[in-house]
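**Student:** Supplied structure: input-v8.txt, compact mmCIF, C-alpha atoms.
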# COMPACT_ATOMS: atom_id res chain seq x y z
CA MET A 1 -169.02 70.44 -299.45
CA TYR A 2 -171.69 72.46 -301.16
CA ASP A 3 -175.24 71.14 -301.38
CA ALA A 4 -174.45 67.97 -299.42
CA ASP A 5 -178.14 67.46 -298.56
CA LYS A 6 -179.25 67.58 -302.15
CA ILE A 7 -176.52 65.27 -303.37
CA ILE A 8 -177.15 62.66 -300.68
CA THR A 9 -180.93 62.75 -301.21
CA GLY A 10 -180.35 62.41 -304.92
CA LEU A 11 -178.08 59.45 -304.41
CA ILE A 12 -180.61 57.71 -302.18
CA ILE A 13 -183.39 58.23 -304.73
CA PHE A 14 -181.11 56.93 -307.47
CA LEU A 15 -180.25 53.81 -305.45
CA CYS A 16 -183.91 53.13 -304.74
CA LEU A 17 -184.80 53.42 -308.41
CA ILE A 18 -182.02 51.25 -309.69
CA THR A 19 -182.64 48.44 -307.21
CA PHE A 20 -186.42 48.60 -307.69
CA PRO A 21 -186.59 45.54 -310.02
CA ILE A 22 -185.04 43.40 -307.30
CA TYR A 23 -187.62 44.41 -304.66
CA TYR A 24 -190.33 44.07 -307.24
CA ASN A 25 -189.39 40.48 -308.01
CA ILE A 26 -189.21 39.60 -304.34
CA ALA A 27 -192.57 41.22 -303.68
CA THR A 28 -194.31 39.43 -306.54
CA GLY A 29 -192.68 36.09 -305.73
CA LYS A 30 -190.87 35.86 -309.07
CA ALA A 31 -187.42 35.67 -307.51
CA ALA A 32 -188.39 32.41 -305.88
CA TYR A 33 -188.85 30.76 -309.28
CA ARG A 34 -186.89 27.64 -309.84
CA PRO A 35 -187.32 25.12 -312.57
CA GLU A 36 -189.34 22.02 -311.76
CA PRO A 37 -188.15 19.42 -314.24
CA LYS A 38 -190.91 16.92 -314.94
CA ILE A 39 -190.29 13.21 -314.47
CA VAL A 40 -192.35 11.27 -317.00
CA THR A 41 -191.03 7.74 -316.57
CA GLU A 42 -192.76 5.05 -314.54
CA GLU A 43 -189.39 4.15 -313.05
CA LYS A 44 -188.82 5.18 -309.47
CA GLN A 45 -185.15 6.05 -309.59
CA CYS A 46 -182.42 7.42 -311.78
CA VAL A 47 -179.07 5.86 -312.61
CA GLU A 48 -177.67 7.31 -309.40
CA SER A 49 -179.34 9.14 -306.51
CA LYS A 50 -181.36 12.25 -307.31
CA GLY A 51 -178.99 14.64 -305.55
CA TYR A 52 -176.00 13.16 -307.31
CA MET A 53 -177.71 13.36 -310.69
CA ARG A 54 -178.75 16.96 -310.15
CA ALA A 55 -175.25 18.05 -309.23
CA LYS A 56 -173.10 15.71 -311.30
CA HIS A 57 -175.00 14.52 -314.38
CA MET A 58 -172.65 16.42 -316.71
CA ASP A 59 -169.64 14.66 -315.19
CA LEU A 60 -171.40 11.31 -315.44
CA LEU A 61 -172.19 11.93 -319.11
CA GLU A 62 -168.61 12.87 -319.78
CA GLU A 63 -167.43 9.72 -318.02
CA TRP A 64 -169.81 7.67 -320.18
CA ARG A 65 -168.65 9.37 -323.34
CA GLU A 66 -164.96 8.81 -322.58
CA SER A 67 -165.61 5.22 -321.60
CA VAL A 68 -167.58 4.35 -324.75
CA VAL A 69 -165.65 6.31 -327.32
CA ARG A 70 -162.12 6.18 -325.96
CA GLU A 71 -162.04 2.86 -324.11
CA GLY A 72 -164.74 0.88 -325.89
CA LYS A 73 -166.47 -0.05 -322.63
CA ARG A 74 -170.22 0.28 -322.80
CA VAL A 75 -171.66 -1.05 -319.56
CA TYR A 76 -172.01 1.15 -316.49
CA VAL A 77 -172.35 -0.41 -313.07
CA ALA A 78 -174.21 2.01 -310.82
CA SER A 79 -173.44 2.31 -307.12
CA ASP A 80 -176.45 0.09 -306.34
CA GLY A 81 -175.05 -2.63 -308.60
CA LYS A 82 -177.56 -2.14 -311.44
CA GLN A 83 -176.13 -2.19 -314.94
CA TYR A 84 -176.85 0.34 -317.66
CA THR A 85 -175.77 0.63 -321.28
CA MET A 86 -173.87 3.89 -321.44
CA SER A 87 -175.84 5.85 -324.00
CA LEU A 88 -177.23 9.35 -323.99
CA VAL A 89 -180.11 8.61 -326.36
CA ASP A 90 -180.79 4.97 -325.53
CA THR A 91 -180.52 5.23 -321.77
CA CYS A 92 -180.99 8.76 -320.38
CA MET A 93 -183.50 9.87 -322.98
CA ARG A 94 -185.49 6.63 -322.87
CA CYS A 95 -186.62 7.63 -319.38
CA HIS A 96 -186.35 11.39 -319.82
CA TRP A 97 -187.90 11.61 -323.27
CA ASN A 98 -189.51 14.94 -322.46
CA LYS A 99 -186.32 16.88 -323.17
CA ALA A 100 -188.12 20.23 -323.44
CA GLU A 101 -189.67 19.93 -319.97
CA PHE A 102 -186.68 18.29 -318.38
CA CYS A 103 -183.15 18.94 -319.61
CA ASP A 104 -184.04 22.17 -321.44
CA LEU A 105 -186.03 23.58 -318.56
CA CYS A 106 -183.00 23.66 -316.27
CA HIS A 107 -180.52 24.52 -318.95
CA ASN A 108 -182.54 27.50 -320.17
CA TYR A 109 -182.73 28.71 -316.60
CA VAL A 110 -178.95 28.66 -316.16
CA GLY A 111 -178.41 29.88 -319.70
CA ILE A 112 -176.49 27.01 -321.26
CA ARG A 113 -177.16 25.40 -324.61
CA LEU A 114 -175.99 21.88 -325.30
CA ASN A 115 -174.65 21.04 -328.73
CA CYS A 116 -175.16 17.34 -328.06
CA TRP A 117 -178.56 17.15 -329.76
CA SER A 118 -177.32 18.13 -333.18
CA CYS A 119 -175.59 14.74 -333.34
CA HIS A 120 -177.45 12.69 -330.74
CA THR A 121 -180.81 13.06 -332.44
CA LEU A 122 -183.95 12.01 -330.62
CA PRO A 123 -186.78 10.13 -332.28
CA LYS A 124 -190.03 12.09 -332.54
CA ARG A 125 -192.52 10.99 -329.95
CA ASP A 126 -196.21 11.66 -329.66
CA MET B 1 -123.19 30.81 -290.62
CA MET B 2 -122.69 27.10 -290.13
CA LYS B 3 -119.32 25.86 -291.24
CA VAL B 4 -119.53 22.91 -293.67
CA SER B 5 -116.36 20.98 -294.31
CA ARG B 6 -115.63 19.74 -297.83
CA ARG B 7 -115.91 16.18 -296.50
CA GLY B 8 -119.26 16.86 -294.84
CA PHE B 9 -120.62 18.44 -298.00
CA LEU B 10 -119.65 15.44 -300.13
CA LYS B 11 -121.25 13.04 -297.65
CA ALA B 12 -124.53 14.95 -297.69
CA THR B 13 -124.53 15.10 -301.50
CA GLY B 14 -123.95 11.37 -301.68
CA LEU B 15 -126.88 10.68 -299.36
CA VAL B 16 -129.19 12.89 -301.40
CA VAL B 17 -128.23 11.10 -304.63
CA ILE B 18 -128.86 7.70 -303.07
CA GLY B 19 -132.22 8.93 -301.81
CA LEU B 20 -133.22 10.13 -305.26
CA VAL B 21 -132.28 7.01 -307.22
CA ALA B 22 -133.35 4.37 -304.69
CA LYS B 23 -137.04 4.18 -305.66
CA PRO B 24 -136.76 4.26 -309.46
CA LEU B 25 -133.92 1.75 -309.26
CA PHE B 26 -135.95 -0.55 -307.04
CA ASP B 27 -138.98 -0.24 -309.34
CA THR B 28 -136.94 -1.07 -312.42
CA LEU B 29 -135.07 -4.00 -310.94
CA SER B 30 -138.10 -5.53 -309.23
CA ARG B 31 -140.30 -5.45 -312.36
CA LEU B 32 -141.47 -8.88 -313.46
CA GLU B 33 -143.69 -8.39 -316.53
CA LEU B 34 -142.19 -7.86 -319.95
CA PRO B 35 -142.54 -4.48 -321.61
CA GLN B 36 -145.79 -4.15 -323.56
CA LEU B 37 -145.61 -2.95 -327.11
CA SER B 38 -148.47 -0.75 -328.07
CA ALA B 39 -150.62 -0.82 -331.19
CA ARG B 40 -149.33 2.61 -332.08
CA LEU B 41 -145.95 1.19 -332.92
CA GLY B 42 -147.51 -1.32 -335.27
CA THR B 43 -146.69 -4.22 -333.02
CA LEU B 44 -149.96 -5.34 -331.62
CA THR B 45 -151.00 -6.93 -328.40
CA GLY B 46 -153.31 -9.82 -329.16
CA LYS B 47 -155.69 -8.31 -331.68
CA ARG B 48 -155.39 -6.83 -335.12
CA LEU B 49 -158.66 -6.40 -336.95
CA ALA B 50 -158.48 -6.49 -340.71
CA MET B 51 -160.56 -7.02 -343.83
CA VAL B 52 -160.05 -8.88 -347.08
CA ILE B 53 -161.92 -7.80 -350.21
CA ASN B 54 -162.28 -10.40 -352.94
CA LEU B 55 -162.35 -8.11 -355.97
CA LYS B 56 -163.25 -10.63 -358.64
CA ALA B 57 -166.20 -11.97 -356.67
CA CYS B 58 -167.57 -8.49 -355.94
CA LEU B 59 -170.74 -7.71 -357.87
CA ALA B 60 -170.28 -3.94 -357.80
CA LYS B 61 -169.54 -4.20 -361.52
CA ASP B 62 -173.12 -5.39 -362.01
CA GLY B 63 -174.50 -2.52 -360.01
CA CYS B 64 -174.67 -4.20 -356.58
CA SER B 65 -174.29 -1.72 -353.72
CA ASP B 66 -175.74 -3.71 -350.82
CA CYS B 67 -172.73 -3.20 -348.56
CA ILE B 68 -172.52 0.54 -349.24
CA GLU B 69 -176.21 1.00 -348.59
CA ALA B 70 -176.08 -0.97 -345.34
CA CYS B 71 -173.09 1.04 -344.12
CA HIS B 72 -174.57 4.40 -345.00
CA ARG B 73 -178.00 3.62 -343.60
CA ILE B 74 -176.66 2.43 -340.25
CA HIS B 75 -174.22 5.29 -339.82
CA ASN B 76 -176.43 8.10 -341.11
CA VAL B 77 -174.06 8.95 -343.94
CA PRO B 78 -175.61 11.74 -346.02
CA ASP B 79 -175.82 11.70 -349.82
CA PHE B 80 -175.19 15.18 -351.17
CA GLY B 81 -175.24 13.97 -354.74
CA ASN B 82 -172.00 15.73 -355.67
CA PRO B 83 -168.38 14.64 -355.24
CA LYS B 84 -167.27 17.94 -353.73
CA ASP B 85 -169.27 17.52 -350.53
CA GLU B 86 -169.25 13.71 -350.52
CA ILE B 87 -168.96 11.98 -347.14
CA LYS B 88 -166.91 8.86 -347.72
CA TRP B 89 -167.23 5.74 -345.59
CA LEU B 90 -167.52 2.93 -348.11
CA ARG B 91 -167.50 3.60 -351.86
CA THR B 92 -166.17 2.28 -355.15
CA VAL B 93 -163.48 3.79 -357.34
CA PRO B 94 -162.04 2.41 -360.61
CA TYR B 95 -159.33 -0.21 -360.08
CA GLU B 96 -156.63 2.08 -361.54
CA ASP B 97 -157.47 4.78 -359.00
CA ALA B 98 -157.33 2.38 -356.09
CA PHE B 99 -153.97 0.99 -357.21
CA PRO B 100 -152.36 3.78 -359.27
CA GLU B 101 -148.94 2.12 -359.15
CA LEU B 102 -150.33 -0.98 -360.89
CA LYS B 103 -151.73 0.97 -363.79
CA HIS B 104 -150.22 0.45 -367.22
CA GLU B 105 -151.25 0.40 -370.87
CA PHE B 106 -152.09 -3.28 -371.06
CA ILE B 107 -153.96 -3.79 -367.83
CA ALA B 108 -156.04 -7.01 -367.80
CA LYS B 109 -159.47 -6.61 -369.33
CA GLY B 110 -161.32 -7.77 -366.24
CA LEU B 111 -159.52 -5.24 -364.07
CA LYS B 112 -159.66 -2.17 -366.23
CA GLY B 113 -162.13 0.25 -364.70
CA LEU B 114 -163.35 -2.45 -362.29
CA PRO B 115 -165.35 -0.81 -359.48
CA THR B 116 -163.18 -1.41 -356.41
CA LEU B 117 -164.49 -1.06 -352.88
CA VAL B 118 -162.44 1.34 -350.78
CA LEU B 119 -162.77 2.36 -347.16
CA CYS B 120 -160.57 3.49 -344.29
CA ASN B 121 -157.59 1.12 -344.30
CA HIS B 122 -157.19 1.21 -340.52
CA CYS B 123 -153.46 1.39 -341.16
CA ALA B 124 -151.07 -0.21 -338.73
CA ASN B 125 -149.05 2.99 -339.02
CA PRO B 126 -151.70 5.66 -339.55
CA PRO B 127 -150.46 9.10 -340.70
CA CYS B 128 -153.76 10.72 -339.71
CA VAL B 129 -153.12 9.83 -336.08
CA GLN B 130 -149.69 11.40 -336.12
CA VAL B 131 -150.93 14.78 -337.30
CA CYS B 132 -154.08 15.15 -335.19
CA PRO B 133 -153.40 18.04 -332.79
CA THR B 134 -156.18 17.19 -330.31
CA GLY B 135 -155.94 13.43 -330.03
CA ALA B 136 -159.36 13.17 -331.66
CA THR B 137 -158.12 10.34 -333.83
CA TRP B 138 -156.07 7.48 -332.45
CA LYS B 139 -155.36 3.81 -332.87
CA ARG B 140 -157.08 1.38 -330.55
CA GLU B 141 -155.28 -1.67 -329.21
CA ASP B 142 -157.31 -3.87 -331.55
CA GLY B 143 -156.12 -1.87 -334.56
CA ILE B 144 -159.20 0.25 -335.29
CA VAL B 145 -158.36 3.84 -336.15
CA MET B 146 -161.01 5.73 -334.19
CA GLN B 147 -162.38 9.18 -334.62
CA ASP B 148 -163.73 11.01 -331.56
CA TYR B 149 -166.23 13.55 -332.84
CA HIS B 150 -166.34 15.24 -329.45
CA ARG B 151 -162.71 16.26 -329.72
CA CYS B 152 -162.52 16.97 -333.45
CA ILE B 153 -161.96 20.67 -334.07
CA GLY B 154 -162.25 20.36 -337.84
CA CYS B 155 -158.68 21.40 -338.68
CA ARG B 156 -158.53 18.79 -341.48
CA TYR B 157 -154.83 17.95 -341.00
CA CYS B 158 -155.87 14.29 -341.04
CA ILE B 159 -157.54 14.70 -344.43
CA ALA B 160 -154.31 16.10 -345.79
CA ALA B 161 -152.31 13.29 -344.19
CA CYS B 162 -154.46 10.37 -345.40
CA PRO B 163 -153.08 9.08 -348.72
CA TYR B 164 -156.31 7.20 -349.48
CA GLY B 165 -158.90 9.98 -349.33
CA SER B 166 -160.72 8.00 -346.67
CA ARG B 167 -161.64 11.01 -344.56
CA SER B 168 -164.25 13.63 -345.29
CA PHE B 169 -165.07 17.00 -343.86
CA ASN B 170 -168.63 18.06 -343.18
CA TRP B 171 -168.87 21.30 -345.11
CA ARG B 172 -172.64 21.39 -344.85
CA ASP B 173 -175.42 20.36 -342.50
CA PRO B 174 -175.92 16.68 -343.33
CA VAL B 175 -179.42 16.29 -341.85
CA PRO B 176 -181.51 17.18 -344.94
CA PHE B 177 -179.43 14.71 -346.98
CA ILE B 178 -179.92 11.66 -344.79
CA LYS B 179 -182.71 9.53 -346.22
CA GLU B 180 -183.89 8.05 -342.96
CA ILE B 181 -182.19 8.77 -339.65
CA ASN B 182 -181.07 5.78 -337.59
CA PHE B 183 -181.49 6.98 -334.01
CA GLY B 184 -179.25 4.19 -332.79
CA PHE B 185 -176.14 6.00 -334.02
CA PRO B 186 -175.36 9.71 -333.63
CA ILE B 187 -175.19 11.83 -336.76
CA ARG B 188 -172.41 14.35 -337.30
CA THR B 189 -172.55 18.11 -337.73
CA ARG B 190 -170.94 20.71 -339.89
CA GLY B 191 -167.31 21.21 -338.95
CA VAL B 192 -166.14 17.70 -338.03
CA VAL B 193 -164.19 15.12 -339.98
CA GLU B 194 -165.58 11.62 -340.28
CA LYS B 195 -164.73 8.21 -341.70
CA CYS B 196 -165.36 4.47 -341.49
CA ASN B 197 -165.06 3.10 -337.94
CA PHE B 198 -164.93 -0.63 -338.86
CA CYS B 199 -168.36 -0.74 -337.16
CA GLU B 200 -166.78 -0.51 -333.74
CA GLU B 201 -170.25 0.01 -332.23
CA ARG B 202 -171.49 -3.24 -333.80
CA LEU B 203 -168.38 -5.22 -332.84
CA ALA B 204 -169.05 -4.15 -329.25
CA LYS B 205 -172.38 -6.00 -329.49
CA GLY B 206 -170.79 -9.06 -331.08
CA LEU B 207 -172.07 -8.25 -334.57
CA PRO B 208 -169.95 -8.25 -337.73
CA PRO B 209 -169.42 -4.98 -339.62
CA ALA B 210 -172.53 -3.91 -341.52
CA CYS B 211 -170.92 -4.28 -344.97
CA VAL B 212 -169.72 -7.80 -344.18
CA GLU B 213 -173.18 -8.76 -342.98
CA ALA B 214 -174.84 -7.29 -346.08
CA CYS B 215 -172.58 -9.45 -348.27
CA TRP B 216 -172.71 -12.54 -346.07
CA GLU B 217 -173.63 -15.13 -348.73
CA LYS B 218 -171.35 -13.86 -351.45
CA LYS B 219 -168.35 -13.84 -349.10
CA VAL B 220 -166.71 -10.93 -350.89
CA LEU B 221 -165.81 -9.26 -347.62
CA ILE B 222 -163.97 -11.20 -344.95
CA PHE B 223 -163.37 -9.65 -341.57
CA GLY B 224 -161.26 -11.02 -338.75
CA ASN B 225 -158.35 -10.91 -336.36
CA LEU B 226 -154.96 -11.31 -338.04
CA GLU B 227 -153.24 -12.11 -334.77
CA ASP B 228 -155.25 -15.31 -334.53
CA PRO B 229 -153.34 -17.91 -336.59
CA ASN B 230 -156.46 -20.08 -336.97
CA SER B 231 -158.72 -17.34 -338.25
CA ASN B 232 -160.48 -17.52 -341.58
CA ILE B 233 -158.89 -14.28 -342.68
CA ARG B 234 -155.37 -15.62 -342.05
CA GLU B 235 -156.13 -18.72 -344.08
CA ILE B 236 -157.46 -16.67 -346.99
CA LEU B 237 -154.40 -14.44 -346.99
CA HIS B 238 -152.28 -17.57 -346.87
CA LEU B 239 -153.92 -19.11 -349.93
CA HIS B 240 -154.16 -16.06 -352.18
CA TYR B 241 -151.92 -13.45 -353.63
CA SER B 242 -153.00 -10.20 -351.98
CA LEU B 243 -152.53 -6.47 -352.42
CA GLN B 244 -152.53 -3.48 -350.11
CA ARG B 245 -153.17 0.04 -351.34
CA LYS B 246 -149.99 2.12 -351.76
CA PRO B 247 -147.90 -0.16 -349.53
CA TYR B 248 -144.71 1.75 -350.42
CA LEU B 249 -145.88 4.63 -348.24
CA GLY B 250 -145.24 2.55 -345.15
CA THR B 251 -148.73 2.95 -343.69
CA ASN B 252 -149.34 -0.82 -343.68
CA PRO B 253 -153.06 -0.86 -344.57
CA GLN B 254 -155.19 -3.50 -342.87
CA VAL B 255 -157.60 -3.81 -345.78
CA TYR B 256 -156.26 -6.42 -348.20
CA TYR B 257 -157.39 -7.14 -351.75
CA ILE B 258 -157.31 -10.45 -353.57
CA ILE B 259 -157.71 -10.35 -357.33
CA THR B 260 -157.53 -14.01 -358.35
For this file, produce the structure as structure tokens.
**Tutor:**
Amino acid sequence: MYDADKIITGLIIFLCLITFPIYYNIATGKAAYRPEPKIVTEEKQCVESKGYMRAKHMDLLEEWRESVVREGKRVYVASDGKQYTMSLVDTCMRCHWNKAEFCDLCHNYVGIRLNCWSCHTLPKRD
Amino acid sequence: MMKVSRRGFLKATGLVVIGLVAKPLFDTLSRLELPQLSARLGTLTGKRLAMVINLKACLAKDGCSDCIEACHRIHNVPDFGNPKDEIKWLRTVPYEDAFPELKHEFIAKGLKGLPTLVLCNHCANPPCVQVCPTGATWKREDGIVMQDYHRCIGCRYCIAACPYGSRSFNWRDPVPFIKEINFGFPIRTRGVVEKCNFCEERLAKGLPPACVEACWEKKVLIFGNLEDPNSNIREILHLHYSLQRKPYLGTNPQVYYIIT
């Protein structure tokens, strides 16, 4: 192979340059960013445990939706026996009324946009 | 290769057949309950919600629109101000348009042009349900024809299928045309079909439909369960001559009209 040294050096320089943003983020601590959704309610706990909510809230919401709309059942019995009215606006958002600093914070981070809010409108709050 | 005699083969086949039919046969023969007929077939199990509209007593002819206003306020129904984009839950049409087959030259004076309340008929045999490709509209066991906005893809087959014009498509963003948003009930967006839901969300709380409540004293609108032989609505239908809209189509509307 002709000019092997030059080619390999060139390749190494190229690799360093192209991966630079990754090292840069690690060095400045940006890569460690994760959203910290803010809890604003006085209540101490969510409908289910925090870990479950974090991982499964979309499934829970879908279950609620199917139950209310398709089966006409509107009361949810949580695993601790507490009862909740199954409603996105009247239940979830009553405690988590700071949508922008809660739901949106995470969802922007993972790059999803919910279309729920165009129908499930939230009252203005100040 | 193993030699299988004709006799051996037949025996094995017989055993396999017995094995396959044993469970279904046992299940069928050991069943105790009678077959349940579903609401979809028009034969209902226990509940059949319906409405009677007393046309002569209705004050829409004098400009009353209490029921329409209550319905539209509670369900965030927009008012676009033009019939092309209109979202129709509860509205009035002239008597001849509601009952085109009863129209003739010498129609009674009191009925001619009489504003007649029309809404989704919650048909016992709903054509909209049959054509919906996503299952977004279906008939509940209690007779309400439901619309699931989460599954509606806006294909509008149901609008074409409904012979009463009870369904509307959201061509435009309704938000600027809603006077005051009721946050207790979701609004709809461009691209879905919507219609009257017999106030299913209020019934769930034990409340009567909004239009019935708005007209409580005048008793123009009567709501109830037709499967209950002692219900008020059954008695009223018993005592009066009643009409359904376009009954010859076989949809069996569950909104009845009395005109005497």
**Student:** List the spatial neighbours of segment 30-40 of chain A as number ranges by chain - criterion: any atom at most 12 Å away, only C-alpha atoms, same-chain residues fewer than 2 positions off excluded.
**Tutor:** A: 21-28, 42-46, 50, 54, 92-110
**Student:** Store the residues of this selection in a file with C-alpha atoms, as a compact mmCIF listing (two decimals), keeping the file's coordinate frame.
**Tutor:**
# COMPACT_ATOMS: atom_id res chain seq x y z
CA PRO A 21 -186.59 45.54 -310.02
CA ILE A 22 -185.04 43.40 -307.30
CA TYR A 23 -187.62 44.41 -304.66
CA TYR A 24 -190.33 44.07 -307.24
CA ASN A 25 -189.39 40.48 -308.01
CA ILE A 26 -189.21 39.60 -304.34
CA ALA A 27 -192.57 41.22 -303.68
CA THR A 28 -194.31 39.43 -306.54
CA GLU A 42 -192.76 5.05 -314.54
CA GLU A 43 -189.39 4.15 -313.05
CA LYS A 44 -188.82 5.18 -309.47
CA GLN A 45 -185.15 6.05 -309.59
CA CYS A 46 -182.42 7.42 -311.78
CA LYS A 50 -181.36 12.25 -307.31
CA ARG A 54 -178.75 16.96 -310.15
CA CYS A 92 -180.99 8.76 -320.38
CA MET A 93 -183.50 9.87 -322.98
CA ARG A 94 -185.49 6.63 -322.87
CA CYS A 95 -186.62 7.63 -319.38
CA HIS A 96 -186.35 11.39 -319.82
CA TRP A 97 -187.90 11.61 -323.27
CA ASN A 98 -189.51 14.94 -322.46
CA LYS A 99 -186.32 16.88 -323.17
CA ALA A 100 -188.12 20.23 -323.44
CA GLU A 101 -189.67 19.93 -319.97
CA PHE A 102 -186.68 18.29 -318.38
CA CYS A 103 -183.15 18.94 -319.61
CA ASP A 104 -184.04 22.17 -321.44
CA LEU A 105 -186.03 23.58 -318.56
CA CYS A 106 -183.00 23.66 -316.27
CA HIS A 107 -180.52 24.52 -318.95
CA ASN A 108 -182.54 27.50 -320.17
CA TYR A 109 -182.73 28.71 -316.60
CA VAL A 110 -178.95 28.66 -316.16
**Student:** Report, in Å with one decimal, the straight-line distance from atom CA of Tyr248 of chain B to atom CA of Pro115 of chain B.
**Tutor:** 22.7 Å
**Student:** Pick the closest to chain B from A:Gly81, A:Gly51, A:Pro123, A:Gly10: which is it, counting all atoms listed in the file?
**Tutor:**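 Answer, going by the shortest atom-to-atom distance: A:Pro123.
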**Student:** Chain B residues within 6 Å of chain A, counting only C-alpha atoms: which ones, as a list in words?
**Tutor:**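 Taken together, these residues fit the definition: Pro186, Ile187 and Arg188 of chain B.
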**Student:** Could you tell me how far atom CA of His122 of chain B lies from atom CA of Ile258 of chain B, in Å and to one decimal?
**Tutor:** 17.5 Å
**Student:** Quick check, in Å to one decimal: how far apart do atom CA of Tyr256 of chain B and atom CA of Val129 of chain B lie?
**Tutor:**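 Rounded to one decimal, the two atoms are 20.5 Å apart.
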**Student:** List the neighbours of Arg151 of chain B out to 12 Å using all atoms listed in the file; skip same-chain residues closer than 6 positions along the sequence, and give me the result as a VMD selection string.
**Tutor:** (chain A and resid 65 to 66 69 to 70) or (chain B and resid 132 to 138 191 to 194)
**Student:** Could you write out that same residue set with C-alpha atoms as a JSON list (two decimals), keeping the file's coordinate frame?
**Tutor:**
[["chain", "number", "residue", "atom", "x", "y", "z"],
["A", 65, "ARG", "CA", -168.65, 9.37, -323.34],
["A", 66, "GLU", "CA", -164.96, 8.81, -322.58],
["A", 69, "VAL", "CA", -165.65, 6.31, -327.32],
["A", 70, "ARG", "CA", -162.12, 6.18, -325.96],
["B", 132, "CYS", "CA", -154.08, 15.15, -335.19],
["B", 133, "PRO", "CA", -153.40, 18.04, -332.79],
["B", 134, "THR", "CA", -156.18, 17.19, -330.31],
["B", 135, "GLY", "CA", -155.94, 13.43, -330.03],
["B", 136, "ALA", "CA", -159.36, 13.17, -331.66],
["B", 137, "THR", "CA", -158.12, 10.34, -333.83],
["B", 138, "TRP", "CA", -156.07, 7.48, -332.45],
["B", 191, "GLY", "CA", -167.31, 21.21, -338.95],
["B", 192, "VAL", "CA", -166.14, 17.70, -338.03],
["B", 193, "VAL", "CA", -164.19, 15.12, -339.98],
["B", 194, "GLU", "CA", -165.58, 11.62, -340.28]]
**Student:** Using all atoms listed in the file, find the one residue out of B:Gly81, B:Pro229, B:Pro174, B:Gly63 that sits nearest to Leu114 of chain B.
**Tutor:**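 When distances to Leu114 of chain B are compared using all atoms listed in the file, the smallest one comes from B:Gly63.
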**Student:** Which neighbours of His238 of chain B fall inside 12 Å, counting only C-alpha atoms, when residues of the same chain fewer than 4 positions from it are skipped, and could you give them as a list in words?
**Tutor:**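 Selected residues are Val52, Leu226, Pro229, Asn230, Ser231, Asn232, Ile233, Arg234, Ser242, Tyr256 and Ile258 of chain B.
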